[in-house]
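One structure is given here, and the rest of the page talks about it.
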Amino acid sequence: MERASSLCLSPPPGKVAGVFGDGACGLALRALAVPLLRAEAVVAVDGGNRFDPYEISKAARAKGGDGREALSLVRVSRASTCHQMEALLSRRLPGALSRFDARIALVLGLPETFADADVPYAEACRVFRNCFSALRTLARGGTRVVLVGKGEPPAKGGHYAVGPVPSDRAGFFRYLVRAADPVLLLRRAEGGLTWELLGGS
């Protein structure tokens with residue numbers, strides 16, 4: 001699973017990668033230790049208050065590196081609503097990547113920012129399209145874009161959903177899972193955590 005998460009930090013050119021499910025945020029942050037120890041800067045956009053610097057520091061030390069030095073190469077911006085996320089991804093993230101000479105954009109909790117049922121569905125659709133369009137533009141320009149979100153296992157015979165979300169927003173999150181390439185799906189099962197890596201072509 002660690003190797004699979006590392007693969008998701010290097011999606012094919014023009015693609016957006018994804019890590020979704022139980023424990024996805026911690027796993028993705030630990031995987032960042034490898035590029036950070038190679039002195040690659042990272043810009044993170046945190047939409048679910050999930051950025052945990054300890055995960056990066058611990059992983060860097062486990063690999064024989066300096067946790068504090070690794071963290072010095074990470075810049076984090078936070079969003080608590082889908083509109084704040086849209087502003088960060090569309091207007092601020094491109095400049096931040098250029099300013100810090102970063103080629104990795106980690107987007108934590110994009111799905112969670114769309115869980116607010118008070119945002120009208122039509123507006124949520126518009127914002128979602130703008131967010132994903134901005135990320136695709138970055139990916140086509142050479143940025144390695146990685147989406148990370150928590151998830152829920154599918155109901156029997158149902159689709160995998162990233163959430164929790166209102167029922168009328170479930171399609172947004174299924175779209176993220178389908179659009180990511182590669183995508184690592186993590187599920188909690190009776191025997192522990194199971195995972196599936198899709199795409200990567």
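Lettering and numbering for the structure tokens are positional, with chains as A, B, ... in the shown order, residues counted from 1 in each chain, and ligands counted from 1 in the shown order.
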Please provide as a VMD selection string all residues within 9 Å of Phe100 in chain A, with the sequence filter that same-chain residues fewer than 6 positions apart are discarded (counting only C-alpha atoms).
chain A and resid 41 to 43 73 75
So that I can check the surroundings of Leu197 in chain A, please list as a CSV table (one decimal) with C-alpha atoms, in the first residue's frame every protein, DNA and RNA residue that reaches within 8 Å of it, counting only C-alpha atoms and ignoring chain neighbours fewer than 3 positions away.
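Contents of the output file result.csv:
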```csv
chain,number,residue,atom,x,y,z
A,4,ALA,CA,0.8,2.3,-4.3
A,182,PRO,CA,-4.2,6.5,-10.8
A,183,VAL,CA,-6.6,6.2,-7.9
A,184,LEU,CA,-6.0,4.4,-4.7
A,185,LEU,CA,-9.2,3.3,-2.9
```
12 Å contact set for Leu106 in chain A, only C-alpha atoms, chain neighbours under 4 positions out, as a VMD selection string:
chain A and resid 8 to 10 16 to 19 25 28 to 29 31 to 32 41 to 47 50 to 51 74 to 78 89 93 97 102 110 135 138 to 139 143 to 149
List the spatial neighbours of Ala39 in chain A as a tab-separated table (two decimals) with C-alpha atoms, in the first residue's frame - criterion: any atom at most 9 Å away, only C-alpha atoms, same-chain residues fewer than 3 positions off excluded.
```
chain	number	residue	atom	x	y	z
A	35	PRO	CA	9.85	13.81	-2.55
A	36	LEU	CA	10.38	16.20	0.36
A	69	GLU	CA	13.67	20.15	7.13
A	70	ALA	CA	11.05	18.16	5.21
A	73	LEU	CA	9.34	22.61	2.08
```
So which residues of range 36-146 of chain A fall under strand (DSSP E or B) by DSSP, listed as a PyMOL selection string?
chain A and resi 42-46+74-78+104-108+144-146
Which residues come within 9 Å of Lys63 in chain A, counting only C-alpha atoms, excluding same-chain residues fewer than 4 positions away, as a ChimeraX atom specification?
/A:33-34,37,58-59
Measure the distance from CA of Val107 in chain A to CA of Leu27 in chain A in Å and round it to one decimal.
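So the two atoms, CA of Val107 in chain A and CA of Leu27 in chain A, lie 13.5 Å apart.
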From the list A:Pro13, A:Gly48, A:Pro111, A:Gly192, the nearest residue to Ala170 in chain A using only C-alpha atoms is A:Pro111
Residue among A:Arg174, A:Leu7, A:Lys150, A:Ala96 lying closest to Gly109 in chain A, counting only C-alpha atoms:
A:Lys150
